[in-house]
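Everything below concerns the one structure shown next.
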Amino acid sequence: MTEPTAEMIQETKLYKSWGLSDQEFQTISNDILGRLPNYTETGLFSVMWGEHCSYKNSKNVLRKFSNKSERVLAGPGEDAGIIDIGDNQAIVFKAESHNHPSAVEPYQGAATGVGGIIRDIFSMGATPIALLNSLKFGELDDSHTRYLAEEIVSGIGGYGNCIGIPTVGGEIAFQSRYKKNPIVNVMCVGLIDHDDVKYGKATGKDNLIVYVGAKTGRDGIHGATFASDEFTDSKSTQRSAVQVGDPFMEKLLMDACIELVHEHSDWIMGIQDMGAAGLVSSTAEMASKASSGLILELDNVPQRETEMTPYEIMLSESQERMVLCIKPEYEQNITDFFTDKMLDAVVVGKVTTDGQYKIYQRGKMVCNIPISGLVDESPEYKRISVKPDRIADSKEQFRPEIKSLEDVWLKILRQPTIASKEYFYKTYDSQIKANTVVQPGSDAAVVRIRDTKKAIAMTNDGNSRMVYVDPFIGGQMAVIEAASNLVAAGAIPIGITDCLNYGNPEKPEIFWEFEKSVSGMAMAGKKLNIPVVSGNVSLYNEFNETAIYPSPMIGMTGLVEDIDNVITQGFKNSGDLIYLIGETRNEFNGSEIQQLQLNDVKGSLSKINVDQIKDRFELILDIINNKLINSCHDLSEGGLAVALSEATFENKLGFKCEVNMPKEYLFSETPARFVVSVSKDNQRKFEDIIGNNGAKIGVVTDDNRMNIKTIGAEATIELSVAMSIWKEAISCLMKKN
Amino acid sequence: MGLVKVYVTYKESILDPQGEAIKSAIHGMGHTSINDVRMGKYFELNVDNNVSDIDSEINLICDDLLANPNMETYRYEILEDAE
Amino acid sequence: MGLVKVYVTYKESILDPQGEAIKSAIHGMGHTSINDVRMGKYFELNVDNNVSDIDSEINLICDDLLANPNMETYRYEILEDAE
Amino acid sequence: MKFAVIVFPGSNCDKDLYFAIKDGIHADVEMIDYRSKSLDAFDAVLIPGGFSYGDYLRSGAIAAHAPIIETIKRMSALGKPIMGICNGFQILTEIGLLPGALIRNRQNRFICETVDLKVKNNQTIFTNEYEFDQTLSLPVAHGEGNYYCDISTLKQINDNNQIIFRYASDINGSIDNIAGIINKAGNVLGMMPHPERALEEMLGSDDGLKLFQSILKSHMNRVNL
Ligand SMILES: Nc1ncnc2c1ncn2[C@@H]1O[C@H](COP(=O)(O)OP(=O)(O)O)[C@@H](O)[C@H]1O
Ligand SMILES: [Mg+2]
């Protein structure tokens, strides 16, 4: 195939099918190059200026986030954010979306998502210690959805289990909007000593660019622009974008890179993973960070296929590859080092000072463009934002209809979004490395740090129903819920990473959802002093023009200073007293019970007093650190009824409670409430501290029953019945054919 | 009853990590005359004799389930009355 | 260059959970005329032409590596000059 | 006493096992590369869990051809204790030091959970610190942990008391709920559950500790004889 000439590209507007607008093409030709770009150059611009790499539609919204706190060592801009946890240690974490690849090839799409996020962490020199994932699927009554769920989950497990990083937590929700566009967000957390941090920089004239890892094939070409494109039935044959993951290769690569950073830090100037838009994005960004230029020799790039064009080599998204910038005197050491680890490392270029990106193949220059133009001068758009009609202004709340409290209670426990996710998370090795103190099944996962008293708690949250109903308040709730989960485990929230999943931002209503929900998250994060240090944006999540619910995912990490204080959500002893902390209000819009009874969510959400919630978090941490409670569980979907039920399942202990509220309120989803259990010995001290922030509602029992009295109603449910419904709901649905 | 054998392999351009690992193990064992290894899946389906259009049935099953057309190709043989 | 195709399957006596899972998925799709599914592995080996005794070489590779005789059986075909 | 933890490309429970020896029973331990030619300096060999060579082809199949395997076989012939956990067990069956094979879990899925198992033989160098029929709570994490052997092999290992651990209930389809077996000579143990993950109450169970203590104690007894 001969490539079209620069003139032909201009004439046929080929660039448009690659996602560049006429205006953008003009800027490139007139302002940046002063000539027409050739085929390869057009390709490079089109991926680098795509949403995935350039954030052109989202940059100005993302500025709302605060990324500062006394603990932040590095924020957005690096492969991952870094947060100080004391003792010269830090955690490094980031989340990544792989929605589109997972829709096309669910196993590999999800697996390569995991592989990619792990590379982001070890490329900074950190040792990955945990993985999490946030998944949103269509309803499980659909066979294609079940297929996607099964394959996506096994792809995540397949990669994480093989490479040996525990998958410790996550969330899974179901809603028909995700049927053809599942949400697959993965997060990785790593541990590092301050002095070991490495940045992805290509600096110092004549230093060498070294390529390490798997060979380059034609995988995923234009994967990055593909991710910025919507799905339609007719486009479902985008074949070239499928990448296959090789977790074995990545394990070798990970161990080697970590060892290199620890033992031979003096050999290397910078290290970077090849993620979206492969070689071009990694090398150009490394050069841009150091204001350097680069020369690349494509003939040296290890290739799996024959006759690859420069365009293909530069844009390939073959997995398990890294780029290093090294000092020339260590070239032999580096190649020997990697050869010993069964990995190929080859010099593919060098650093220059002219700021140009020059690429050669078979002696011919195939690209010569200013790096700043490619990386830093990508356009930025402020899209039009219009409030969708569905957003309600009225304060009216949905009123649940409850004839039999028992019935509704059990129905709610059977809802896939509420039911135990064990069927899925049991396929993840959550214990490898022997550090997982709290495994999946409680509020936050907790992983200890060996040889210290510290532990890291982490969670993924984001109730997209609430965000759909009211993006601003729903956004606040996502942050508050994540923080509640960490606090309930005994951890101080210290940092946020996010995945922002939305529809097509060129549609004003979608952009409004995006903007408002980010504002909500940013506001809550600022007030709670939890900085956003990394993240990812995934737009164009649509199928046949229907967008997913606005689905921001908050990945949050927390610090446990004394691991002996960690607690879980389950009741521990019969006879312990049960308290509800936080006021329960008449709030049903966007709730599980509204979804159940209306098969829809709507209405407006009530304002949230974040300052008050901040004080409540401090109160909870205070009672935990004073060892005054035996369990703590935050209330989320399904409200008090679900939280109390979940607290019984861990140790098969029941309860007898009485609350001074109407029965409907058992399902209210007022945020930031907690159910705690307290031994009688601690009652006095506990009550002194909580004052009127909470109320005693009952006692833990060992009679295998859940019993609750409300104003005018009472319900009793056998624990075994509730438990089997809750535990088996998802596996029953999955086994249906 | 008929037997249908289905072979599913990655498309040429798709990375086959297992094949690569197997190849280097084979080389390590001294069999250097093996230049290349690709690994695929193999299925044996037993089919009732009363199926009217077996080809279209098998193609459906392959397209929808046994192979993902985005990365794999398949072929099959029908062995009538293999029983 | 010759092409060798190798098929490895679980022994008859061993339950094949993947085959079972696929069978029920196929039934779920409405193809109830498929009575039984077994899943195995399929390999394509490219072999230099100058190998003297290709059968013994392939048998060695299969016995030592591609199949575990405790649970699997294999068969192969040689396609000379498949090139 | 000095332990070797063998590291194959793709092993990923090697460090856990290393810590189990170092911090769990405070013995000497070293990580040994799969290309090493000698294990003369060691008293016991531990083959860790993980995904050696990605578990590609079949778990343990490719590792069975690694250079160190011949050395491990020699150690076995000398009667040195050899223990394979999870992937290590798979490797030991692949190289024929233990009978049978580990096939795909009956439910066709990877499982990670903490399960109960019973000690069915406490007269071994690996289990003498346990009681007979004692129930242990140990984590499992595997996709191919379904122990299979033919009927005559099953009879043999039963007759010789080679079945060391059984699951308290069927978790993966293993024949006779077999979770761990020993060779006829009594010096090679393979088991699917992970004792190295169960050394501290904080992580859910410390039932694995006695296994490592048994090995240490047996060695000391022998040395002191
Ligand atoms: N995809 C997943 N991977 C791992 N663990 C999960 C996943 N989904 C849910 N879990 C676990 O199940 C438990 C309940 O999850 P969830 O209902 O989202 O909790 P919460 O409402 O407290 O945020 C948590 O421990 C969570 O980590
Ligand atoms: Mg919670």
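Residues in the structure tokens are named by chain (A, B, ... in the order shown) and by number from 1 within that chain; ligands are numbered from 1 in the order shown.
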
Over every C-alpha pair, in sequence order, do a least-squares fit of chain C onto chain B and save the fitted chain as a CSV table (one decimal) with N, CA and C atoms, in the first residue's frame.
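Generated file (out.csv):
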```csv
chain,number,residue,atom,x,y,z
C,1,MET,N,-25.5,-39.7,15.0
C,1,MET,CA,-25.0,-38.5,15.6
C,1,MET,C,-23.7,-38.0,14.9
C,2,GLY,N,-23.6,-36.8,14.6
C,2,GLY,CA,-22.5,-36.3,13.9
C,2,GLY,C,-21.5,-35.6,14.8
C,3,LEU,N,-20.2,-35.6,14.3
C,3,LEU,CA,-19.2,-35.0,15.1
C,3,LEU,C,-18.7,-33.8,14.3
C,4,VAL,N,-18.6,-32.6,15.0
C,4,VAL,CA,-18.1,-31.4,14.3
C,4,VAL,C,-16.8,-31.0,15.1
C,5,LYS,N,-15.8,-30.8,14.3
C,5,LYS,CA,-14.5,-30.3,14.9
C,5,LYS,C,-14.3,-28.9,14.6
C,6,VAL,N,-14.1,-28.1,15.6
C,6,VAL,CA,-13.9,-26.6,15.3
C,6,VAL,C,-12.6,-26.2,15.8
C,7,TYR,N,-11.9,-25.4,15.0
C,7,TYR,CA,-10.6,-24.9,15.3
C,7,TYR,C,-10.6,-23.4,15.4
C,8,VAL,N,-10.2,-22.8,16.5
C,8,VAL,CA,-10.2,-21.4,16.7
C,8,VAL,C,-8.8,-20.9,16.9
C,9,THR,N,-8.3,-19.9,16.2
C,9,THR,CA,-7.0,-19.4,16.4
C,9,THR,C,-7.0,-17.9,16.4
C,10,TYR,N,-6.0,-17.3,17.0
C,10,TYR,CA,-5.9,-15.8,16.9
C,10,TYR,C,-5.6,-15.5,15.5
C,11,LYS,N,-6.1,-14.3,15.1
C,11,LYS,CA,-5.8,-13.8,13.7
C,11,LYS,C,-4.2,-13.7,13.6
C,12,GLU,N,-3.8,-13.9,12.4
C,12,GLU,CA,-2.4,-13.8,12.0
C,12,GLU,C,-1.7,-12.6,12.7
C,13,SER,N,-2.4,-11.5,12.6
C,13,SER,CA,-1.7,-10.2,13.0
C,13,SER,C,-1.5,-10.1,14.5
C,14,ILE,N,-2.1,-11.0,15.2
C,14,ILE,CA,-2.1,-10.9,16.7
C,14,ILE,C,-1.0,-11.8,17.3
C,15,LEU,N,-0.2,-11.2,18.1
C,15,LEU,CA,0.9,-12.0,18.8
C,15,LEU,C,0.2,-13.1,19.7
C,16,ASP,N,0.8,-14.2,19.7
C,16,ASP,CA,0.3,-15.3,20.5
C,16,ASP,C,1.2,-15.7,21.6
C,17,PRO,N,1.0,-15.1,22.8
C,17,PRO,CA,2.0,-15.3,23.8
C,17,PRO,C,2.2,-16.7,24.3
C,18,GLN,N,1.1,-17.5,24.2
C,18,GLN,CA,1.2,-18.9,24.6
C,18,GLN,C,2.1,-19.6,23.6
C,19,GLY,N,1.8,-19.4,22.3
C,19,GLY,CA,2.6,-20.0,21.3
C,19,GLY,C,4.1,-19.7,21.5
C,20,GLU,N,4.3,-18.4,21.8
C,20,GLU,CA,5.7,-17.9,22.0
C,20,GLU,C,6.4,-18.7,23.2
C,21,ALA,N,5.6,-18.8,24.2
C,21,ALA,CA,6.2,-19.4,25.4
C,21,ALA,C,6.5,-20.9,25.1
C,22,ILE,N,5.6,-21.5,24.4
C,22,ILE,CA,5.8,-22.9,24.1
C,22,ILE,C,7.0,-23.1,23.1
C,23,LYS,N,7.1,-22.2,22.2
C,23,LYS,CA,8.2,-22.2,21.3
C,23,LYS,C,9.5,-22.2,22.0
C,24,SER,N,9.6,-21.3,23.0
C,24,SER,CA,10.9,-21.2,23.7
C,24,SER,C,11.1,-22.4,24.5
C,25,ALA,N,10.1,-23.0,25.1
C,25,ALA,CA,10.2,-24.2,25.8
C,25,ALA,C,10.7,-25.3,24.9
C,26,ILE,N,10.1,-25.4,23.7
C,26,ILE,CA,10.5,-26.4,22.8
C,26,ILE,C,12.0,-26.3,22.4
C,27,HIS,N,12.4,-25.0,22.2
C,27,HIS,CA,13.8,-24.8,21.9
C,27,HIS,C,14.7,-25.2,23.1
C,28,GLY,N,14.2,-24.8,24.3
C,28,GLY,CA,14.9,-25.2,25.5
C,28,GLY,C,15.2,-26.7,25.6
C,29,MET,N,14.2,-27.5,25.0
C,29,MET,CA,14.4,-28.9,25.1
C,29,MET,C,15.3,-29.4,23.9
C,30,GLY,N,15.8,-28.5,23.1
C,30,GLY,CA,16.7,-28.9,22.1
C,30,GLY,C,16.1,-29.1,20.7
C,31,HIS,N,14.8,-28.9,20.6
C,31,HIS,CA,14.2,-29.1,19.3
C,31,HIS,C,14.2,-27.8,18.5
C,32,THR,N,15.4,-27.4,18.0
C,32,THR,CA,15.5,-26.1,17.4
C,32,THR,C,15.0,-26.1,16.0
C,33,SER,N,14.5,-27.2,15.5
C,33,SER,CA,14.0,-27.2,14.1
C,33,SER,C,12.5,-26.7,14.1
C,34,ILE,N,12.0,-26.4,15.2
C,34,ILE,CA,10.6,-25.9,15.2
C,34,ILE,C,10.7,-24.4,15.2
C,35,ASN,N,10.3,-23.8,14.1
C,35,ASN,CA,10.5,-22.3,13.9
C,35,ASN,C,9.4,-21.5,14.6
C,36,ASP,N,8.2,-22.1,14.6
C,36,ASP,CA,7.1,-21.2,15.0
C,36,ASP,C,6.0,-22.1,15.6
C,37,VAL,N,5.4,-21.5,16.6
C,37,VAL,CA,4.3,-22.3,17.3
C,37,VAL,C,3.1,-21.3,17.4
C,38,ARG,N,2.0,-21.7,17.0
C,38,ARG,CA,0.8,-21.0,17.3
C,38,ARG,C,-0.2,-21.9,18.1
C,39,MET,N,-0.8,-21.3,19.1
C,39,MET,CA,-1.7,-22.1,19.9
C,39,MET,C,-3.1,-21.7,19.7
C,40,GLY,N,-4.0,-22.6,19.6
C,40,GLY,CA,-5.4,-22.3,19.4
C,40,GLY,C,-6.3,-23.2,20.3
C,41,LYS,N,-7.6,-23.1,20.0
C,41,LYS,CA,-8.5,-23.9,20.7
C,41,LYS,C,-9.2,-24.9,19.8
C,42,TYR,N,-9.5,-26.0,20.3
C,42,TYR,CA,-10.1,-27.1,19.5
C,42,TYR,C,-11.3,-27.6,20.2
C,43,PHE,N,-12.4,-27.7,19.5
C,43,PHE,CA,-13.7,-28.2,20.1
C,43,PHE,C,-14.2,-29.4,19.3
C,44,GLU,N,-14.8,-30.3,20.1
C,44,GLU,CA,-15.5,-31.4,19.4
C,44,GLU,C,-17.0,-31.2,19.9
C,45,LEU,N,-17.8,-31.0,18.9
C,45,LEU,CA,-19.3,-30.9,19.2
C,45,LEU,C,-20.0,-32.1,18.7
C,46,ASN,N,-20.8,-32.7,19.5
C,46,ASN,CA,-21.6,-33.8,19.1
C,46,ASN,C,-23.0,-33.3,18.7
C,47,VAL,N,-23.4,-33.6,17.5
C,47,VAL,CA,-24.7,-33.0,17.0
C,47,VAL,C,-25.7,-34.0,16.6
C,48,ASP,N,-26.9,-33.8,17.0
C,48,ASP,CA,-28.0,-34.7,16.6
C,48,ASP,C,-28.1,-34.8,15.1
C,49,ASN,N,-28.5,-36.0,14.6
C,49,ASN,CA,-28.5,-36.2,13.2
C,49,ASN,C,-29.7,-35.4,12.5
C,50,ASN,N,-30.7,-35.1,13.3
C,50,ASN,CA,-31.9,-34.4,12.7
C,50,ASN,C,-31.7,-32.9,12.4
C,51,VAL,N,-30.5,-32.4,12.6
C,51,VAL,CA,-30.4,-31.0,12.3
C,51,VAL,C,-30.5,-30.7,10.8
C,52,SER,N,-31.3,-29.8,10.4
C,52,SER,CA,-31.6,-29.6,9.0
C,52,SER,C,-30.4,-28.9,8.3
C,53,ASP,N,-29.9,-27.8,8.8
C,53,ASP,CA,-28.8,-27.1,8.1
C,53,ASP,C,-27.6,-27.0,9.1
C,54,ILE,N,-26.8,-28.0,9.1
C,54,ILE,CA,-25.8,-28.0,10.1
C,54,ILE,C,-24.8,-26.9,9.9
C,55,ASP,N,-24.5,-26.6,8.7
C,55,ASP,CA,-23.5,-25.5,8.4
C,55,ASP,C,-23.9,-24.2,9.0
C,56,SER,N,-25.2,-23.8,8.8
C,56,SER,CA,-25.6,-22.5,9.3
C,56,SER,C,-25.6,-22.5,10.8
C,57,GLU,N,-26.0,-23.7,11.4
C,57,GLU,CA,-26.0,-23.8,12.8
C,57,GLU,C,-24.6,-23.6,13.4
C,58,ILE,N,-23.7,-24.3,12.9
C,58,ILE,CA,-22.3,-24.3,13.4
C,58,ILE,C,-21.7,-22.9,13.2
C,59,ASN,N,-22.0,-22.3,12.0
C,59,ASN,CA,-21.5,-20.9,11.8
C,59,ASN,C,-22.0,-19.9,12.9
C,60,LEU,N,-23.3,-20.1,13.2
C,60,LEU,CA,-23.9,-19.3,14.2
C,60,LEU,C,-23.2,-19.4,15.5
C,61,ILE,N,-23.0,-20.7,15.9
C,61,ILE,CA,-22.4,-20.9,17.2
C,61,ILE,C,-21.0,-20.4,17.3
C,62,CYS,N,-20.3,-20.5,16.1
C,62,CYS,CA,-18.9,-20.0,16.1
C,62,CYS,C,-18.9,-18.5,16.2
C,63,ASP,N,-19.7,-17.9,15.4
C,63,ASP,CA,-19.7,-16.4,15.3
C,63,ASP,C,-20.1,-15.8,16.6
C,64,ASP,N,-21.2,-16.4,17.2
C,64,ASP,CA,-21.7,-15.9,18.4
C,64,ASP,C,-21.0,-16.2,19.7
C,65,LEU,N,-20.3,-17.4,19.7
C,65,LEU,CA,-19.8,-17.8,21.0
C,65,LEU,C,-18.3,-18.3,20.9
C,66,LEU,N,-18.1,-19.3,20.0
C,66,LEU,CA,-16.8,-20.0,20.1
C,66,LEU,C,-15.6,-19.1,19.7
C,67,ALA,N,-15.8,-18.1,18.8
C,67,ALA,CA,-14.8,-17.3,18.4
C,67,ALA,C,-15.2,-15.8,18.5
C,68,ASN,N,-14.2,-15.0,18.8
C,68,ASN,CA,-14.5,-13.5,18.8
C,68,ASN,C,-13.9,-12.9,17.6
C,69,PRO,N,-14.8,-12.5,16.6
C,69,PRO,CA,-14.3,-12.1,15.3
C,69,PRO,C,-13.3,-10.9,15.4
C,70,ASN,N,-13.3,-10.2,16.5
C,70,ASN,CA,-12.3,-9.1,16.6
C,70,ASN,C,-10.9,-9.6,16.7
C,71,MET,N,-10.7,-10.8,17.1
C,71,MET,CA,-9.3,-11.3,17.3
C,71,MET,C,-9.1,-12.7,16.8
C,72,GLU,N,-10.2,-13.4,16.5
C,72,GLU,CA,-10.0,-14.8,16.2
C,72,GLU,C,-10.6,-15.2,14.8
C,73,THR,N,-10.1,-16.3,14.3
C,73,THR,CA,-10.8,-16.9,13.1
C,73,THR,C,-11.0,-18.3,13.4
C,74,TYR,N,-12.0,-18.9,12.7
C,74,TYR,CA,-12.2,-20.3,13.0
C,74,TYR,C,-12.4,-21.1,11.7
C,75,ARG,N,-12.3,-22.4,11.8
C,75,ARG,CA,-12.7,-23.2,10.7
C,75,ARG,C,-13.3,-24.5,11.3
C,76,TYR,N,-14.0,-25.3,10.5
C,76,TYR,CA,-14.6,-26.5,11.1
C,76,TYR,C,-14.7,-27.6,10.1
C,77,GLU,N,-14.8,-28.8,10.6
C,77,GLU,CA,-15.0,-30.0,9.7
C,77,GLU,C,-16.2,-30.7,10.3
C,78,ILE,N,-17.0,-31.3,9.4
C,78,ILE,CA,-18.1,-32.1,9.9
C,78,ILE,C,-17.9,-33.5,9.5
C,79,LEU,N,-17.9,-34.4,10.5
C,79,LEU,CA,-17.7,-35.8,10.3
C,79,LEU,C,-19.0,-36.5,10.5
C,80,GLU,N,-19.7,-36.7,9.4
C,80,GLU,CA,-21.0,-37.3,9.6
C,80,GLU,C,-20.9,-38.7,10.2
C,81,ASP,N,-21.9,-39.0,11.0
C,81,ASP,CA,-21.9,-40.3,11.6
C,81,ASP,C,-20.6,-40.8,12.2
C,82,ALA,N,-20.0,-39.9,12.9
C,82,ALA,CA,-18.7,-40.3,13.4
C,82,ALA,C,-18.8,-41.4,14.5
C,83,GLU,N,-20.0,-41.5,15.0
C,83,GLU,CA,-20.3,-42.5,16.0
C,83,GLU,C,-19.5,-43.8,16.0
```

Inset, instruction - For ligand 1, list the contacting residues at 8 Å or closer, counting only C-alpha atoms and all ligand atoms, as an NGL selection string. - result: :A and (132-135 or 153 or 167-172 or 417-422 or 424-425 or 428 or 439-445 or 459-461 or 481-482 or 485 or 633-637)

How would the residues just picked look written out with N, CA, C and O atoms as a short mmCIF file (atom, residue, chain, number, x, y, z; two decimals), in the first residue's frame?
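Listing of result_34.cif after writing:
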```
data_model
loop_
_atom_site.label_atom_id
_atom_site.label_comp_id
_atom_site.auth_asym_id
_atom_site.auth_seq_id
_atom_site.Cartn_x
_atom_site.Cartn_y
_atom_site.Cartn_z
N LEU A 132 -7.81 -2.59 42.30
CA LEU A 132 -9.26 -2.51 42.53
C LEU A 132 -9.93 -2.33 41.18
O LEU A 132 -9.26 -2.01 40.18
N ASN A 133 -11.23 -2.53 41.14
CA ASN A 133 -11.92 -2.29 39.88
C ASN A 133 -13.35 -1.86 40.12
O ASN A 133 -14.00 -2.26 41.07
N SER A 134 -13.82 -1.02 39.22
CA SER A 134 -15.19 -0.54 39.28
C SER A 134 -15.85 -0.93 37.97
O SER A 134 -15.38 -0.55 36.90
N LEU A 135 -16.92 -1.71 38.07
CA LEU A 135 -17.55 -2.25 36.87
C LEU A 135 -19.02 -1.85 36.82
O LEU A 135 -19.71 -1.87 37.83
N VAL A 153 -14.72 -9.96 34.08
CA VAL A 153 -14.22 -10.34 35.40
C VAL A 153 -13.09 -11.37 35.26
O VAL A 153 -12.07 -11.28 35.94
N THR A 167 -6.12 -8.38 44.05
CA THR A 167 -7.26 -7.53 43.72
C THR A 167 -8.12 -7.48 44.97
O THR A 167 -8.72 -8.48 45.35
N VAL A 168 -8.16 -6.35 45.63
CA VAL A 168 -8.70 -6.31 46.98
C VAL A 168 -10.05 -5.64 47.12
O VAL A 168 -10.67 -5.71 48.17
N GLY A 169 -10.50 -4.98 46.08
CA GLY A 169 -11.78 -4.30 46.25
C GLY A 169 -12.32 -3.75 44.96
O GLY A 169 -11.69 -3.86 43.90
N GLY A 170 -13.49 -3.14 45.07
CA GLY A 170 -14.10 -2.56 43.89
C GLY A 170 -15.57 -2.37 44.08
O GLY A 170 -16.07 -2.39 45.21
N GLU A 171 -16.25 -2.16 43.01
CA GLU A 171 -17.72 -2.05 43.05
C GLU A 171 -18.26 -2.56 41.73
O GLU A 171 -17.57 -2.57 40.71
N ILE A 172 -19.52 -3.03 41.79
CA ILE A 172 -20.18 -3.48 40.57
C ILE A 172 -21.63 -3.01 40.62
O ILE A 172 -22.31 -3.19 41.62
N THR A 417 -27.47 -4.93 42.36
CA THR A 417 -26.59 -3.85 42.80
C THR A 417 -26.31 -3.92 44.30
O THR A 417 -25.26 -3.52 44.78
N ILE A 418 -27.27 -4.49 45.06
CA ILE A 418 -27.11 -4.63 46.51
C ILE A 418 -26.48 -5.97 46.89
O ILE A 418 -25.67 -6.05 47.80
N ALA A 419 -26.87 -7.01 46.18
CA ALA A 419 -26.48 -8.37 46.57
C ALA A 419 -24.96 -8.53 46.62
O ALA A 419 -24.22 -7.75 46.02
N SER A 420 -24.52 -9.56 47.32
CA SER A 420 -23.09 -9.82 47.45
C SER A 420 -22.44 -9.99 46.07
O SER A 420 -22.99 -10.66 45.20
N LYS A 421 -21.27 -9.43 45.93
CA LYS A 421 -20.53 -9.54 44.66
C LYS A 421 -19.52 -10.67 44.70
O LYS A 421 -18.64 -10.77 43.86
N GLU A 422 -19.68 -11.51 45.72
CA GLU A 422 -18.74 -12.60 45.92
C GLU A 422 -18.54 -13.48 44.68
O GLU A 422 -17.43 -13.91 44.38
N PHE A 424 -18.27 -12.76 41.80
CA PHE A 424 -17.22 -12.18 40.95
C PHE A 424 -15.88 -12.09 41.69
O PHE A 424 -14.86 -12.53 41.19
N TYR A 425 -15.92 -11.49 42.89
CA TYR A 425 -14.60 -11.19 43.48
C TYR A 425 -13.89 -12.43 44.02
O TYR A 425 -12.69 -12.38 44.26
N TYR A 428 -10.86 -13.44 42.11
CA TYR A 428 -9.64 -12.64 42.19
C TYR A 428 -8.80 -13.12 43.36
O TYR A 428 -9.31 -13.26 44.46
N GLN A 439 -10.19 -8.17 53.36
CA GLN A 439 -10.43 -8.64 51.99
C GLN A 439 -11.76 -8.09 51.47
O GLN A 439 -12.52 -7.50 52.22
N PRO A 440 -12.05 -8.33 50.21
CA PRO A 440 -13.34 -7.87 49.68
C PRO A 440 -14.48 -8.37 50.55
O PRO A 440 -14.42 -9.49 51.05
N GLY A 441 -15.49 -7.55 50.71
CA GLY A 441 -16.63 -7.96 51.51
C GLY A 441 -16.93 -7.00 52.65
O GLY A 441 -18.00 -7.05 53.23
N SER A 442 -16.00 -6.11 52.95
CA SER A 442 -16.30 -5.10 53.97
C SER A 442 -16.35 -3.75 53.26
O SER A 442 -16.49 -3.68 52.05
N ASP A 443 -16.24 -2.66 54.02
CA ASP A 443 -16.37 -1.36 53.36
C ASP A 443 -15.16 -1.02 52.50
O ASP A 443 -15.27 -0.87 51.31
N ALA A 444 -14.00 -0.89 53.13
CA ALA A 444 -12.80 -0.62 52.36
C ALA A 444 -11.88 -1.82 52.51
O ALA A 444 -11.95 -2.55 53.49
N ALA A 445 -11.02 -2.03 51.51
CA ALA A 445 -10.00 -3.06 51.64
C ALA A 445 -8.84 -2.46 52.42
O ALA A 445 -8.58 -1.26 52.32
N THR A 459 -10.72 2.12 48.30
CA THR A 459 -12.08 1.83 47.86
C THR A 459 -12.34 2.47 46.50
O THR A 459 -11.65 3.41 46.12
N ASN A 460 -13.31 1.91 45.79
CA ASN A 460 -13.81 2.52 44.56
C ASN A 460 -15.29 2.78 44.73
O ASN A 460 -16.03 1.87 45.12
N ASP A 461 -15.72 3.99 44.48
CA ASP A 461 -17.14 4.29 44.63
C ASP A 461 -17.63 5.29 43.62
O ASP A 461 -16.86 6.08 43.08
N GLU A 481 -19.07 9.08 49.77
CA GLU A 481 -19.23 7.64 49.99
C GLU A 481 -17.87 6.95 50.08
O GLU A 481 -17.64 6.08 50.93
N ALA A 482 -16.97 7.33 49.19
CA ALA A 482 -15.64 6.72 49.23
C ALA A 482 -14.98 7.01 50.57
O ALA A 482 -14.43 6.13 51.23
N ASN A 485 -16.40 4.96 53.39
CA ASN A 485 -15.90 3.58 53.41
C ASN A 485 -14.54 3.49 54.08
O ASN A 485 -14.27 2.56 54.84
N HIS A 633 -19.92 0.28 59.89
CA HIS A 633 -20.34 0.08 58.50
C HIS A 633 -21.02 1.35 58.04
O HIS A 633 -21.90 1.86 58.73
N ASP A 634 -20.61 1.86 56.88
CA ASP A 634 -21.30 3.05 56.38
C ASP A 634 -22.55 2.62 55.62
O ASP A 634 -22.62 1.52 55.09
N LEU A 635 -23.53 3.51 55.58
CA LEU A 635 -24.77 3.21 54.88
C LEU A 635 -24.67 3.73 53.44
O LEU A 635 -24.31 4.88 53.23
N SER A 636 -24.99 2.88 52.48
CA SER A 636 -25.01 3.38 51.11
C SER A 636 -26.29 2.89 50.44
O SER A 636 -27.37 3.06 51.00
N GLU A 637 -26.16 2.24 49.28
CA GLU A 637 -27.38 1.81 48.57
C GLU A 637 -28.23 0.91 49.47
O GLU A 637 -27.74 -0.02 50.08
#
```

Legend entry - helix (DSSP H, G or I) per DSSP on the backbone: members of stretch 18-114 of chain D, as number ranges by chain: D: 18-24, 52-55, 63-65, 68-77, 87-94

Inset, instruction - May I have the residues within 9 Å of D:Ile178 as a list in words, using only C-alpha atoms and disregarding those fewer than 3 positions away in the same chain? - result: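 Near D:Ile178, the qualifying residues are Asn146, Tyr147, Tyr148, Ile163, Ile164, Phe165, Arg166, Tyr167, Ser174, Ile175, Ile181 and Met191 of chain D.
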